[in-house]
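Peer 1: Sharing entry_32.txt here; it has compact mmCIF, C-alpha atoms and all ligand atoms.
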```
# COMPACT_ATOMS: atom_id res chain seq x y z
CA MET A 1 10.52 -15.95 2.62
CA ALA A 2 13.46 -16.43 0.30
CA LEU A 3 16.38 -14.20 1.10
CA THR A 4 19.17 -13.04 -1.17
CA PRO A 5 22.32 -15.13 -0.71
CA ALA A 6 25.15 -13.57 1.26
CA ALA A 7 28.06 -12.16 -0.78
CA GLY A 8 30.63 -14.86 -1.67
CA GLY A 9 33.86 -15.37 0.31
CA GLY A 10 37.17 -13.77 -0.72
CA CYS A 11 40.08 -15.42 -2.64
CA GLY A 12 42.00 -18.27 -1.05
CA GLU A 13 39.07 -19.31 1.07
CA SER A 14 37.61 -22.80 1.32
CA SER A 15 36.00 -24.29 -1.79
CA MET A 16 32.97 -25.12 0.33
CA PRO A 17 29.91 -23.09 -0.75
CA PRO A 18 29.23 -20.25 1.63
CA PRO A 19 26.64 -21.11 4.25
CA SER A 20 23.25 -19.64 3.50
CA ILE A 21 22.61 -16.84 5.96
CA ARG A 22 19.05 -16.21 7.06
CA SER A 23 18.57 -13.08 9.01
CA LEU A 24 16.06 -13.33 11.85
CA GLN A 25 15.18 -9.70 11.27
CA PRO A 26 15.27 -9.27 7.48
CA VAL A 27 15.52 -5.77 6.09
CA ASN A 28 13.77 -4.76 2.88
CA SER A 29 16.72 -5.54 0.61
CA ASP A 30 16.98 -9.10 2.02
CA VAL A 31 13.64 -10.10 0.56
CA GLU A 32 13.04 -11.51 -2.95
CA TRP A 33 10.20 -9.15 -3.85
CA ASP A 34 10.28 -10.25 -7.49
CA SER A 35 8.91 -13.66 -6.40
CA PHE A 36 5.82 -12.07 -4.82
CA ASP A 37 2.77 -13.84 -6.32
CA PRO A 38 0.10 -11.19 -7.04
CA GLN A 39 -2.58 -13.74 -7.96
CA ALA A 40 -2.17 -15.60 -4.67
CA TYR A 41 -2.19 -12.29 -2.80
CA VAL A 42 -5.41 -11.12 -4.47
CA ARG A 43 -7.09 -14.50 -3.95
CA HIS A 44 -6.29 -14.47 -0.25
CA ASN A 45 -6.94 -10.82 0.50
CA TYR A 46 -9.34 -9.26 -1.98
CA ALA A 47 -11.32 -11.92 -3.89
CA VAL A 48 -14.23 -11.12 -1.57
CA LEU A 49 -14.75 -7.60 -0.26
CA ARG A 50 -14.46 -7.92 3.51
CA ALA A 51 -16.00 -5.65 6.13
CA ASP A 52 -12.62 -4.33 7.31
CA ASP A 53 -11.50 -3.31 3.81
CA ARG A 54 -14.96 -1.85 3.17
CA GLU A 55 -14.66 0.32 6.26
CA ILE A 56 -11.18 1.51 5.31
CA LEU A 57 -12.33 2.26 1.77
CA CYS A 58 -15.45 4.16 2.97
CA ARG A 59 -13.42 6.32 5.32
CA THR A 60 -10.75 7.03 2.69
CA ARG A 61 -13.43 7.81 0.08
CA ASP A 62 -15.27 10.26 2.34
CA PHE A 63 -12.05 11.91 3.45
CA LEU A 64 -10.84 12.42 -0.13
CA ALA A 65 -14.27 13.63 -1.28
CA ARG A 66 -14.17 16.29 1.47
CA ALA A 67 -10.64 17.34 0.51
CA LYS A 68 -11.90 19.27 -2.54
CA LEU A 69 -9.21 17.99 -4.84
CA SER A 70 -9.38 18.20 -8.60
CA ASP A 71 -7.02 17.56 -11.46
CA ALA A 72 -4.45 16.33 -8.96
CA ASP A 73 -1.21 14.42 -9.39
CA CYS A 74 -1.84 11.38 -7.20
CA VAL A 75 0.29 8.47 -6.03
CA ASP A 76 -0.29 5.10 -4.44
CA VAL A 77 2.94 3.77 -2.93
CA GLY A 78 3.54 0.02 -2.65
CA SER A 79 0.38 -0.72 -4.65
CA GLY A 80 1.19 -4.41 -4.92
CA ALA A 81 -1.89 -6.34 -5.99
CA ASN A 82 -4.49 -3.98 -4.59
CA LEU A 83 -6.40 -1.49 -6.74
CA TYR A 84 -8.74 0.00 -4.17
CA PRO A 85 -6.39 2.78 -2.97
CA ALA A 86 -5.95 3.88 -6.61
CA LEU A 87 -9.75 3.73 -7.15
CA SER A 88 -10.23 6.01 -4.16
CA LEU A 89 -8.05 8.65 -5.84
CA LEU A 90 -9.55 8.31 -9.31
CA PRO A 91 -12.23 11.05 -9.50
CA PHE A 92 -9.77 13.73 -8.40
CA ALA A 93 -6.75 12.71 -10.46
CA ARG A 94 -5.26 13.88 -13.67
CA ARG A 95 -2.80 11.05 -13.10
CA VAL A 96 -2.39 8.25 -10.60
CA ASP A 97 1.08 6.79 -10.25
CA LEU A 98 1.00 3.23 -8.90
CA CYS A 99 4.45 2.49 -7.48
CA ASP A 100 5.85 -0.84 -6.36
CA TRP A 101 9.29 -2.38 -6.02
CA SER A 102 8.41 -5.94 -7.05
CA THR A 103 8.66 -6.74 -10.78
CA SER A 104 5.86 -9.35 -10.50
CA ASN A 105 3.55 -6.82 -8.88
CA VAL A 106 4.53 -4.16 -11.41
CA SER A 107 3.61 -6.57 -14.27
CA TRP A 108 0.29 -7.38 -12.59
CA LEU A 109 -0.46 -3.66 -12.18
CA ARG A 110 0.41 -2.93 -15.84
CA THR A 111 -2.12 -5.53 -16.97
CA GLN A 112 -4.78 -4.38 -14.53
CA ILE A 113 -4.72 -0.68 -15.30
CA HIS A 114 -5.60 -1.41 -18.94
CA GLY A 115 -8.89 -3.00 -17.87
CA TYR A 116 -9.11 -4.25 -14.33
CA ASP A 117 -10.72 -7.56 -13.29
CA GLU A 118 -14.38 -7.72 -12.30
CA LEU A 119 -13.48 -8.54 -8.72
CA TRP A 120 -12.64 -4.85 -8.25
CA ASP A 121 -16.17 -3.80 -9.27
CA PRO A 122 -17.61 -4.20 -5.72
CA TYR A 123 -14.83 -1.93 -4.47
CA TRP A 124 -15.83 0.72 -6.99
CA GLN A 125 -19.49 0.27 -6.02
CA VAL A 126 -18.51 1.19 -2.46
CA CYS A 127 -16.77 4.30 -3.81
CA ALA A 128 -19.82 5.16 -5.91
CA GLU A 129 -22.00 5.40 -2.78
CA ASN A 130 -20.47 8.88 -2.51
CA PRO A 131 -21.69 11.40 -5.16
CA ALA A 132 -18.15 12.64 -5.79
CA TYR A 133 -17.45 9.16 -7.17
CA SER A 134 -20.77 8.20 -8.77
CA ALA A 135 -20.36 11.13 -11.15
CA LEU A 136 -17.54 9.11 -12.71
CA THR A 137 -19.37 6.55 -14.85
CA ASP A 138 -16.42 4.72 -16.43
CA PRO A 139 -13.81 4.10 -13.69
CA ARG A 140 -12.19 1.32 -15.74
CA GLY A 141 -11.65 3.65 -18.69
CA ARG A 142 -10.47 6.46 -16.42
CA LEU A 143 -7.86 4.29 -14.71
CA ALA A 144 -6.61 3.18 -18.13
CA ARG A 145 -6.21 6.83 -19.13
CA VAL A 146 -4.70 8.33 -15.99
CA GLY A 147 -2.99 5.33 -14.34
CA ARG A 148 0.75 4.94 -14.71
CA VAL A 149 2.75 2.10 -13.18
CA ARG A 150 6.26 2.82 -11.91
CA LYS A 151 8.83 0.44 -10.52
CA THR A 152 9.99 2.60 -7.65
CA SER A 153 11.01 1.93 -4.09
CA VAL A 154 9.35 3.87 -1.30
CA PHE A 155 12.90 4.71 -0.23
CA ASP A 156 13.57 6.44 -3.59
CA VAL A 157 10.39 8.38 -4.25
CA PRO A 158 11.02 12.05 -5.17
CA ARG A 159 10.20 14.85 -2.70
CA HIS A 160 7.10 17.01 -3.08
CA ALA A 161 6.08 15.39 -6.36
CA TRP A 162 2.34 14.68 -5.82
CA ASP A 163 -0.80 16.45 -4.55
CA ALA A 164 -2.46 13.48 -2.84
CA GLY A 165 -1.46 9.95 -1.94
CA THR A 166 -2.26 6.61 -0.37
CA MET A 167 0.02 3.95 1.11
CA PHE A 168 -1.80 0.83 2.33
CA PHE A 169 -0.24 -2.05 4.27
CA VAL A 170 3.30 -1.16 3.20
CA ALA A 171 5.19 0.38 6.15
CA CYS A 172 4.33 -2.63 8.32
CA SER A 173 4.93 -5.25 5.63
CA ILE A 174 8.15 -4.57 3.73
CA SER A 175 10.66 -5.82 6.32
CA ALA A 176 11.07 -6.76 9.96
CA ASP A 177 13.00 -3.59 10.68
CA ARG A 178 11.14 -1.01 12.75
CA ALA A 179 13.42 1.81 11.54
CA GLU A 180 12.56 0.97 7.92
CA ALA A 181 8.84 1.10 8.71
CA GLU A 182 9.29 4.59 10.16
CA ARG A 183 11.46 5.67 7.23
CA ALA A 184 8.84 4.41 4.74
CA ILE A 185 6.16 6.56 6.39
CA GLY A 186 8.49 9.58 6.38
CA ARG A 187 9.43 9.12 2.71
CA PHE A 188 5.79 8.72 1.71
CA LEU A 189 4.69 11.92 3.47
CA ASP A 190 7.67 13.78 2.08
CA ALA A 191 6.78 12.69 -1.46
CA LEU A 192 3.62 14.80 -1.22
CA ARG A 193 3.54 18.57 -1.58
CA PRO A 194 2.81 20.52 1.62
CA GLY A 195 -0.91 20.52 2.43
CA SER A 196 -1.64 17.35 0.45
CA PRO A 197 -4.37 14.99 1.68
CA PHE A 198 -3.19 11.44 2.32
CA ALA A 199 -4.35 8.10 3.70
CA VAL A 200 -2.02 5.56 5.30
CA ALA A 201 -3.20 2.09 6.38
CA VAL A 202 -1.09 -0.31 8.42
CA MET A 203 -1.54 -3.62 10.18
CA LEU A 204 -0.84 -3.38 13.90
CA GLY A 205 0.93 -6.24 15.61
CA SER A 206 1.76 -8.10 12.41
CA ARG A 207 4.39 -10.83 12.66
CA GLY A 208 4.63 -11.68 8.97
CA TYR A 209 2.31 -12.93 6.26
CA HIS A 210 2.09 -15.70 3.71
CA VAL A 211 1.63 -15.11 0.00
CA GLY A 212 1.16 -18.55 -1.51
CA GLN A 213 3.88 -20.71 0.02
CA ARG A 214 6.21 -17.83 0.83
CA LEU A 215 6.51 -16.06 4.12
CA TYR A 216 7.10 -12.30 4.10
CA PRO A 217 8.39 -10.30 7.04
CA ALA A 218 6.54 -7.64 8.99
CA VAL A 219 7.04 -5.32 11.93
CA ALA A 220 4.68 -5.67 14.86
CA LEU A 221 3.87 -1.96 14.93
CA ARG A 222 2.09 -0.35 17.85
CA ARG A 223 -0.57 2.29 17.42
CA ALA A 224 1.27 4.99 19.37
CA GLU A 225 4.49 4.76 17.36
CA VAL A 226 2.64 4.85 14.01
CA VAL A 227 0.59 7.85 15.07
CA ALA A 228 3.68 9.66 16.39
CA ARG A 229 5.60 9.06 13.15
CA ILE A 230 2.74 10.27 10.98
CA ALA A 231 1.98 13.24 13.26
CA ALA A 232 5.57 14.43 12.82
CA GLY A 233 4.84 15.09 9.15
CA ALA A 234 1.14 15.90 9.15
CA TYR A 235 -1.70 18.02 10.49
CA ASP A 236 -5.49 17.52 10.72
CA LEU A 237 -4.70 13.92 11.56
CA ASP A 238 -7.60 11.51 12.02
CA VAL A 239 -6.84 7.98 13.20
CA HIS A 240 -9.21 5.05 13.19
CA GLU A 241 -8.60 1.44 14.20
CA VAL A 242 -10.57 -1.39 12.61
CA ARG A 243 -10.79 -4.70 14.47
CA LEU A 244 -12.39 -7.76 12.99
CA THR A 245 -12.93 -11.24 14.28
CA PRO A 246 -11.66 -13.43 12.84
CA PRO A 247 -8.72 -11.46 11.40
CA LEU A 248 -7.91 -11.99 7.73
CA ARG A 249 -4.16 -11.90 7.48
CA ASP A 250 -1.85 -14.03 9.59
CA GLY A 251 -0.63 -12.69 12.85
CA TYR A 252 -2.08 -9.21 13.11
CA ARG A 253 -4.23 -7.51 15.70
CA SER A 254 -6.04 -4.77 13.83
CA MET A 255 -5.81 -2.33 10.96
CA LEU A 256 -5.16 1.35 11.46
CA LEU A 257 -6.17 4.06 9.01
CA ALA A 258 -4.69 7.54 9.33
CA THR A 259 -5.82 10.44 7.16
CA GLY A 260 -4.57 13.99 7.21
CA ARG A 261 -2.60 16.62 5.33
CA THR A 262 1.14 16.85 4.96
CA ARG A 263 3.18 19.54 6.68
CA GLY A 264 5.54 21.72 4.69
C1 LIG A 301 1.62 -6.31 2.06
S1 LIG A 301 1.87 -5.75 0.44
C2 LIG A 301 0.70 -4.40 0.33
C3 LIG A 301 0.16 -4.25 -1.06
C4 LIG A 301 -1.04 -3.30 -1.22
N1 LIG A 301 -0.68 -1.92 -1.00
C5 LIG A 301 -2.22 -3.66 -0.38
O1 LIG A 301 -2.87 -2.73 0.13
O2 LIG A 301 -2.59 -4.82 -0.25
C6 LIG A 301 3.44 -4.89 0.54
C7 LIG A 301 3.84 -4.34 -0.81
O3 LIG A 301 5.04 -3.57 -0.67
C8 LIG A 301 5.81 -3.78 -1.83
N2 LIG A 301 7.20 -3.38 -1.51
C9 LIG A 301 8.17 -4.09 -0.90
N3 LIG A 301 9.27 -3.34 -0.76
C10 LIG A 301 9.00 -2.13 -1.30
C11 LIG A 301 9.74 -0.94 -1.47
N4 LIG A 301 11.00 -0.82 -1.03
N5 LIG A 301 9.14 0.09 -2.08
C12 LIG A 301 7.86 0.00 -2.53
N6 LIG A 301 7.11 -1.10 -2.40
C13 LIG A 301 7.67 -2.16 -1.79
C14 LIG A 301 5.61 -5.25 -2.14
O4 LIG A 301 5.97 -5.57 -3.45
C15 LIG A 301 4.13 -5.40 -1.87
O5 LIG A 301 3.40 -5.09 -3.01
```
How does this structure look as structure tokens?
Ligand SMILES: C[S@@+](CC[C@H](N)C(=O)[O-])C[C@H]1O[C@@H](n2cnc3c(N)ncnc32)[C@H](O)[C@@H]1O
Peer 2:
Amino acid sequence: MALTPAAGGGCGESSMPPPSIRSLQPVNSDVEWDSFDPQAYVRHNYAVLRADDREILCRTRDFLARAKLSDADCVDVGSGANLYPALSLLPFARRVDLCDWSTSNVSWLRTQIHGYDELWDPYWQVCAENPAYSALTDPRGRLARVGRVRKTSVFDVPRHAWDAGTMFFVACSISADRAEAERAIGRFLDALRPGSPFAVAVMLGSRGYHVGQRLYPAVALRRAEVVARIAAGAYDLDVHEVRLTPPLRDGYRSMLLATGRTRG
């Protein structure tokens, strides 16, 4: 992980360059998100549809299909280089905002929403196993029409701006600071209007992850603290843990998916 250099010393100080400071517990603003390599991330995580992502997608799909949404303003927060949360929202959306803080991921998303790569077709095929999705025959065209990419931080999203939302593998993976993980979940839930259906996925027990050669920080979240944080802003909560052997991403125990509706 490359961290932003510390602010320079004041006047009259030594002409030696300031020592580079590497925090052991980097916060979100310490990390060079603009160097995130979306191609490497996709290759490692999504080039082949894995059983754990399939299960998370199936559960999200069926939950959203039951939610009786239509013509909704939808958001995926921290989209990065993953289109399957946005695909899960597609049949019900009059718009889908894909938000990320990294300029490299934002560029990747802007290219993808105009005609996404074939590797996402198996993900749509999983969606299309549900009739609420198979009725949509041109998902690529629909995403191009309703998708909108925004460079926005989860810590700056507006309140009560969307009717449904997803946030996958973000709270656990944007810093090593537990308080920031909790704040990210709170901001995401608060960005949705009261009563909105949502899906949040996190890695449990993650200690960081590589994207290409770079190491990114994570918080080793525990199930109980994630559930408690989400429950504080939600009702009709359903929580499911997915364990796979061998695990895909470095240093994590399992994936947790929480679905529910936001409180007022
Ligand atoms: C582990 S990736 C998850 C990407 C994707 N949602 C997925 O399911 O694979 C974490 C993402 O959070 C983004 N990110 C980092 N800091 C952020 C912030 N403050 N606000 C929004 N997104 C952020 C990164 O650019 C990256 O795309």
Peer 1: Given 5 Å on each side, where is the centre and what are the edge lengths in Å to one decimal of the axis-aligned box enclosing the listed atoms of ligand LIG 301 (chain A), as AutoDock Vina command-line options?
Peer 2:
```
--center_x 4.1 --center_y -3.1 --center_z -0.7 --size_x 23.9 --size_y 16.4 --size_z 15.5
```
Peer 1: Could you pull out the residues sitting within 9 Å of ligand LIG 301 (chain A), using only C-alpha atoms and all ligand atoms, and write them as number ranges by chain?
Peer 2: A: 28-29, 31, 33-34, 36, 38, 41-42, 45-46, 76-85, 99-106, 151-157, 166-175, 184, 201-202, 209, 216, 218
Peer 1: Quote the spacing between atom CA of Pro139 of chain A and atom CA of Ser70 of chain A in Å to one decimal place.
Peer 2: 15.6 Å
Peer 1: Counting all atoms listed in the file, which residue out of A:Val242, A:Ile185, A:Ala47, A:Ile113 sits closest to Gly141 of chain A?
Peer 2: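 Nearest to Gly141 of chain A: A:Ile113.
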Peer 1: Between atom CA of Leu119 of chain A and atom CA of Arg94 of chain A, measure the distance and give it in Å to one decimal.
Peer 2: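 The value is 24.4 Å.
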Peer 1: Measuring between all atoms listed in the file, which one of A:Leu89, A:Ala258, A:Ala128, A:Leu204 shows the shortest distance to Ile56 of chain A?
Peer 2: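 Looking at the shortest contact to Ile56 of chain A, the residue is A:Ala258.
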Peer 1: Can you tell me how far atom CA of Val219 of chain A sits from atom CA of Ala86 of chain A, in Å to one decimal?
Peer 2: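 Answer for the atom CA of Val219 of chain A to atom CA of Ala86 of chain A separation: 24.4 Å.
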Peer 1: Using only C-alpha atoms, which of the listed residues (A:Tyr133, A:Tyr235, A:Trp120, A:Trp108) sits closest to Pro197 of chain A?
Peer 2: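 Under the stated criterion, the closest residue is A:Tyr235.
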Peer 1: In terms of the shortest atom-to-atom distance over all atoms listed in the file, which of A:Leu143, A:Asp121, A:Thr137, A:Ser107 is closest to Asp37 of chain A?
Peer 2: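 Among A:Leu143, A:Asp121, A:Thr137, A:Ser107, it is A:Ser107 that comes nearest to Asp37 of chain A.
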Peer 1: As number ranges by chain, please: the residues near Pro26 of chain A (cut-off 8 Å, only C-alpha atoms, same-chain neighbours under 6 positions excluded).
Peer 2: A: 175-177, 217
Peer 1: Find the residue from A:Arg229, A:Arg261, A:Arg148, A:Arg243 that sits nearest to Gln112 of chain A; use only C-alpha atoms when measuring.
Peer 2: A:Arg148
Peer 1: Which one of A:Arg253, A:Thr60, A:Asp53, A:Lys68 sits closest to Gly208 of chain A if you count all atoms listed in the file?
Peer 2: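 Closest to Gly208 of chain A of all the choices is A:Arg253.
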Peer 1: List the spatial neighbours of Leu136 of chain A as a PDB file with C-alpha atoms, in the coordinates of the input - criterion: any atom at most 12 Å away, only C-alpha atoms, same-chain residues fewer than 3 positions off excluded.
Peer 2:
```
ATOM      1  CA  LEU A  87      -9.750   3.730  -7.150  1.00  0.00           C
ATOM      2  CA  SER A  88     -10.230   6.010  -4.160  1.00  0.00           C
ATOM      3  CA  LEU A  89      -8.050   8.650  -5.840  1.00  0.00           C
ATOM      4  CA  LEU A  90      -9.550   8.310  -9.310  1.00  0.00           C
ATOM      5  CA  PRO A  91     -12.230  11.050  -9.500  1.00  0.00           C
ATOM      6  CA  PHE A  92      -9.770  13.730  -8.400  1.00  0.00           C
ATOM      7  CA  ALA A  93      -6.750  12.710 -10.460  1.00  0.00           C
ATOM      8  CA  TRP A 124     -15.830   0.720  -6.990  1.00  0.00           C
ATOM      9  CA  GLN A 125     -19.490   0.270  -6.020  1.00  0.00           C
ATOM     10  CA  CYS A 127     -16.770   4.300  -3.810  1.00  0.00           C
ATOM     11  CA  ALA A 128     -19.820   5.160  -5.910  1.00  0.00           C
ATOM     12  CA  GLU A 129     -22.000   5.400  -2.780  1.00  0.00           C
ATOM     13  CA  ASN A 130     -20.470   8.880  -2.510  1.00  0.00           C
ATOM     14  CA  PRO A 131     -21.690  11.400  -5.160  1.00  0.00           C
ATOM     15  CA  ALA A 132     -18.150  12.640  -5.790  1.00  0.00           C
ATOM     16  CA  TYR A 133     -17.450   9.160  -7.170  1.00  0.00           C
ATOM     17  CA  PRO A 139     -13.810   4.100 -13.690  1.00  0.00           C
ATOM     18  CA  ARG A 140     -12.190   1.320 -15.740  1.00  0.00           C
ATOM     19  CA  GLY A 141     -11.650   3.650 -18.690  1.00  0.00           C
ATOM     20  CA  ARG A 142     -10.470   6.460 -16.420  1.00  0.00           C
ATOM     21  CA  LEU A 143      -7.860   4.290 -14.710  1.00  0.00           C
TER      22      LEU A 143
END
```
Peer 1: Could you pull segment 59-162 of chain A out of the block above and save it with C-alpha atoms, as a PDB file, in the first residue's frame?
Peer 2:
```
ATOM      1  CA  ARG A  59     -29.530 -14.091  -2.255  1.00  0.00           C
ATOM      2  CA  THR A  60     -29.358 -10.403  -3.213  1.00  0.00           C
ATOM      3  CA  ARG A  61     -31.314 -11.067  -6.422  1.00  0.00           C
ATOM      4  CA  ASP A  62     -34.106 -12.936  -4.629  1.00  0.00           C
ATOM      5  CA  PHE A  63     -34.283 -10.355  -1.857  1.00  0.00           C
ATOM      6  CA  LEU A  64     -34.555  -7.448  -4.318  1.00  0.00           C
ATOM      7  CA  ALA A  65     -37.086  -9.311  -6.470  1.00  0.00           C
ATOM      8  CA  ARG A  66     -39.284  -9.779  -3.365  1.00  0.00           C
ATOM      9  CA  ALA A  67     -38.948  -6.109  -2.415  1.00  0.00           C
ATOM     10  CA  LYS A  68     -41.445  -5.046  -5.106  1.00  0.00           C
ATOM     11  CA  LEU A  69     -39.402  -2.109  -6.270  1.00  0.00           C
ATOM     12  CA  SER A  70     -39.958  -0.330  -9.542  1.00  0.00           C
ATOM     13  CA  ASP A  71     -38.674   2.814 -11.179  1.00  0.00           C
ATOM     14  CA  ALA A  72     -36.353   3.301  -8.214  1.00  0.00           C
ATOM     15  CA  ASP A  73     -33.372   5.574  -7.685  1.00  0.00           C
ATOM     16  CA  CYS A  74     -30.653   3.063  -6.836  1.00  0.00           C
ATOM     17  CA  VAL A  75     -27.068   3.333  -5.647  1.00  0.00           C
ATOM     18  CA  ASP A  76     -24.070   1.053  -5.380  1.00  0.00           C
ATOM     19  CA  VAL A  77     -21.478   2.545  -3.023  1.00  0.00           C
ATOM     20  CA  GLY A  78     -17.783   1.757  -3.484  1.00  0.00           C
ATOM     21  CA  SER A  79     -18.487  -0.056  -6.767  1.00  0.00           C
ATOM     22  CA  GLY A  80     -14.802  -0.381  -7.594  1.00  0.00           C
ATOM     23  CA  ALA A  81     -14.318  -2.945 -10.333  1.00  0.00           C
ATOM     24  CA  ASN A  82     -17.381  -5.043  -9.635  1.00  0.00           C
ATOM     25  CA  LEU A  83     -20.581  -4.784 -11.677  1.00  0.00           C
ATOM     26  CA  TYR A  84     -22.655  -7.510 -10.083  1.00  0.00           C
ATOM     27  CA  PRO A  85     -24.199  -5.341  -7.325  1.00  0.00           C
ATOM     28  CA  ALA A  86     -25.328  -2.855 -10.009  1.00  0.00           C
ATOM     29  CA  LEU A  87     -26.699  -5.728 -12.144  1.00  0.00           C
ATOM     30  CA  SER A  88     -28.752  -6.910  -9.178  1.00  0.00           C
ATOM     31  CA  LEU A  89     -30.461  -3.499  -9.025  1.00  0.00           C
ATOM     32  CA  LEU A  90     -30.999  -3.107 -12.759  1.00  0.00           C
ATOM     33  CA  PRO A  91     -34.568  -4.368 -13.379  1.00  0.00           C
ATOM     34  CA  PHE A  92     -35.991  -2.095 -10.683  1.00  0.00           C
ATOM     35  CA  ALA A  93     -34.045   1.073 -11.432  1.00  0.00           C
ATOM     36  CA  ARG A  94     -34.788   4.227 -13.268  1.00  0.00           C
ATOM     37  CA  ARG A  95     -31.182   5.093 -12.438  1.00  0.00           C
ATOM     38  CA  VAL A  96     -28.265   3.339 -10.814  1.00  0.00           C
ATOM     39  CA  ASP A  97     -25.544   5.550  -9.393  1.00  0.00           C
ATOM     40  CA  LEU A  98     -22.203   3.745  -9.163  1.00  0.00           C
ATOM     41  CA  CYS A  99     -20.068   5.632  -6.647  1.00  0.00           C
ATOM     42  CA  ASP A 100     -16.383   5.213  -5.926  1.00  0.00           C
ATOM     43  CA  TRP A 101     -13.606   7.382  -4.548  1.00  0.00           C
ATOM     44  CA  SER A 102     -10.755   6.091  -6.720  1.00  0.00           C
ATOM     45  CA  THR A 103     -10.220   7.890 -10.052  1.00  0.00           C
ATOM     46  CA  SER A 104      -8.889   4.686 -11.676  1.00  0.00           C
ATOM     47  CA  ASN A 105     -11.981   2.763 -10.622  1.00  0.00           C
ATOM     48  CA  VAL A 106     -14.238   5.618 -11.713  1.00  0.00           C
ATOM     49  CA  SER A 107     -12.611   5.553 -15.205  1.00  0.00           C
ATOM     50  CA  TRP A 108     -13.023   1.774 -15.382  1.00  0.00           C
ATOM     51  CA  LEU A 109     -16.700   2.086 -14.393  1.00  0.00           C
ATOM     52  CA  ARG A 110     -17.315   4.816 -17.006  1.00  0.00           C
ATOM     53  CA  THR A 111     -16.001   2.530 -19.737  1.00  0.00           C
ATOM     54  CA  GLN A 112     -17.902  -0.499 -18.473  1.00  0.00           C
ATOM     55  CA  ILE A 113     -21.330   1.057 -18.162  1.00  0.00           C
ATOM     56  CA  HIS A 114     -21.293   1.921 -21.883  1.00  0.00           C
ATOM     57  CA  GLY A 115     -21.023  -1.780 -22.775  1.00  0.00           C
ATOM     58  CA  TYR A 116     -19.687  -4.084 -20.126  1.00  0.00           C
ATOM     59  CA  ASP A 117     -17.190  -6.908 -20.763  1.00  0.00           C
ATOM     60  CA  GLU A 118     -18.394 -10.430 -21.513  1.00  0.00           C
ATOM     61  CA  LEU A 119     -17.012 -11.716 -18.235  1.00  0.00           C
ATOM     62  CA  TRP A 120     -20.033 -10.149 -16.528  1.00  0.00           C
ATOM     63  CA  ASP A 121     -22.454 -12.203 -18.659  1.00  0.00           C
ATOM     64  CA  PRO A 122     -22.363 -15.243 -16.309  1.00  0.00           C
ATOM     65  CA  TYR A 123     -23.274 -12.912 -13.449  1.00  0.00           C
ATOM     66  CA  TRP A 124     -26.294 -11.672 -15.385  1.00  0.00           C
ATOM     67  CA  GLN A 125     -27.224 -15.272 -16.234  1.00  0.00           C
ATOM     68  CA  VAL A 126     -27.412 -15.959 -12.496  1.00  0.00           C
ATOM     69  CA  CYS A 127     -29.694 -12.928 -12.118  1.00  0.00           C
ATOM     70  CA  ALA A 128     -31.833 -14.115 -15.031  1.00  0.00           C
ATOM     71  CA  GLU A 129     -32.656 -17.370 -13.194  1.00  0.00           C
ATOM     72  CA  ASN A 130     -35.238 -15.200 -11.415  1.00  0.00           C
ATOM     73  CA  PRO A 131     -38.225 -14.117 -13.589  1.00  0.00           C
ATOM     74  CA  ALA A 132     -38.041 -10.543 -12.300  1.00  0.00           C
ATOM     75  CA  TYR A 133     -34.681 -10.352 -14.078  1.00  0.00           C
ATOM     76  CA  SER A 134     -35.214 -12.556 -17.140  1.00  0.00           C
ATOM     77  CA  ALA A 135     -37.933 -10.156 -18.279  1.00  0.00           C
ATOM     78  CA  LEU A 136     -35.107  -7.703 -18.931  1.00  0.00           C
ATOM     79  CA  THR A 137     -33.626  -8.912 -22.226  1.00  0.00           C
ATOM     80  CA  ASP A 138     -30.925  -6.284 -22.791  1.00  0.00           C
ATOM     81  CA  PRO A 139     -29.127  -5.695 -19.460  1.00  0.00           C
ATOM     82  CA  ARG A 140     -26.105  -4.210 -21.246  1.00  0.00           C
ATOM     83  CA  GLY A 141     -28.263  -1.606 -22.974  1.00  0.00           C
ATOM     84  CA  ARG A 142     -30.215  -0.914 -19.789  1.00  0.00           C
ATOM     85  CA  LEU A 143     -27.074  -0.285 -17.739  1.00  0.00           C
ATOM     86  CA  ALA A 144     -25.834   2.085 -20.448  1.00  0.00           C
ATOM     87  CA  ARG A 145     -29.112   4.012 -20.210  1.00  0.00           C
ATOM     88  CA  VAL A 146     -29.654   4.143 -16.453  1.00  0.00           C
ATOM     89  CA  GLY A 147     -26.106   3.819 -15.055  1.00  0.00           C
ATOM     90  CA  ARG A 148     -24.325   6.931 -13.866  1.00  0.00           C
ATOM     91  CA  VAL A 149     -20.821   6.944 -12.409  1.00  0.00           C
ATOM     92  CA  ARG A 150     -20.016   9.398  -9.619  1.00  0.00           C
ATOM     93  CA  LYS A 151     -16.722  10.085  -7.923  1.00  0.00           C
ATOM     94  CA  THR A 152     -18.039  10.260  -4.382  1.00  0.00           C
ATOM     95  CA  SER A 153     -16.741   9.133  -1.030  1.00  0.00           C
ATOM     96  CA  VAL A 154     -18.957   6.995   1.166  1.00  0.00           C
ATOM     97  CA  PHE A 155     -18.258   9.613   3.833  1.00  0.00           C
ATOM     98  CA  ASP A 156     -19.853  12.341   1.652  1.00  0.00           C
ATOM     99  CA  VAL A 157     -22.922  10.664   0.212  1.00  0.00           C
ATOM    100  CA  PRO A 158     -26.112  12.738   0.621  1.00  0.00           C
ATOM    101  CA  ARG A 159     -28.813  11.710   3.126  1.00  0.00           C
ATOM    102  CA  HIS A 160     -32.035  10.020   2.012  1.00  0.00           C
ATOM    103  CA  ALA A 161     -31.189  10.318  -1.678  1.00  0.00           C
ATOM    104  CA  TRP A 162     -31.954   6.793  -3.003  1.00  0.00           C
TER     105      TRP A 162
END
```
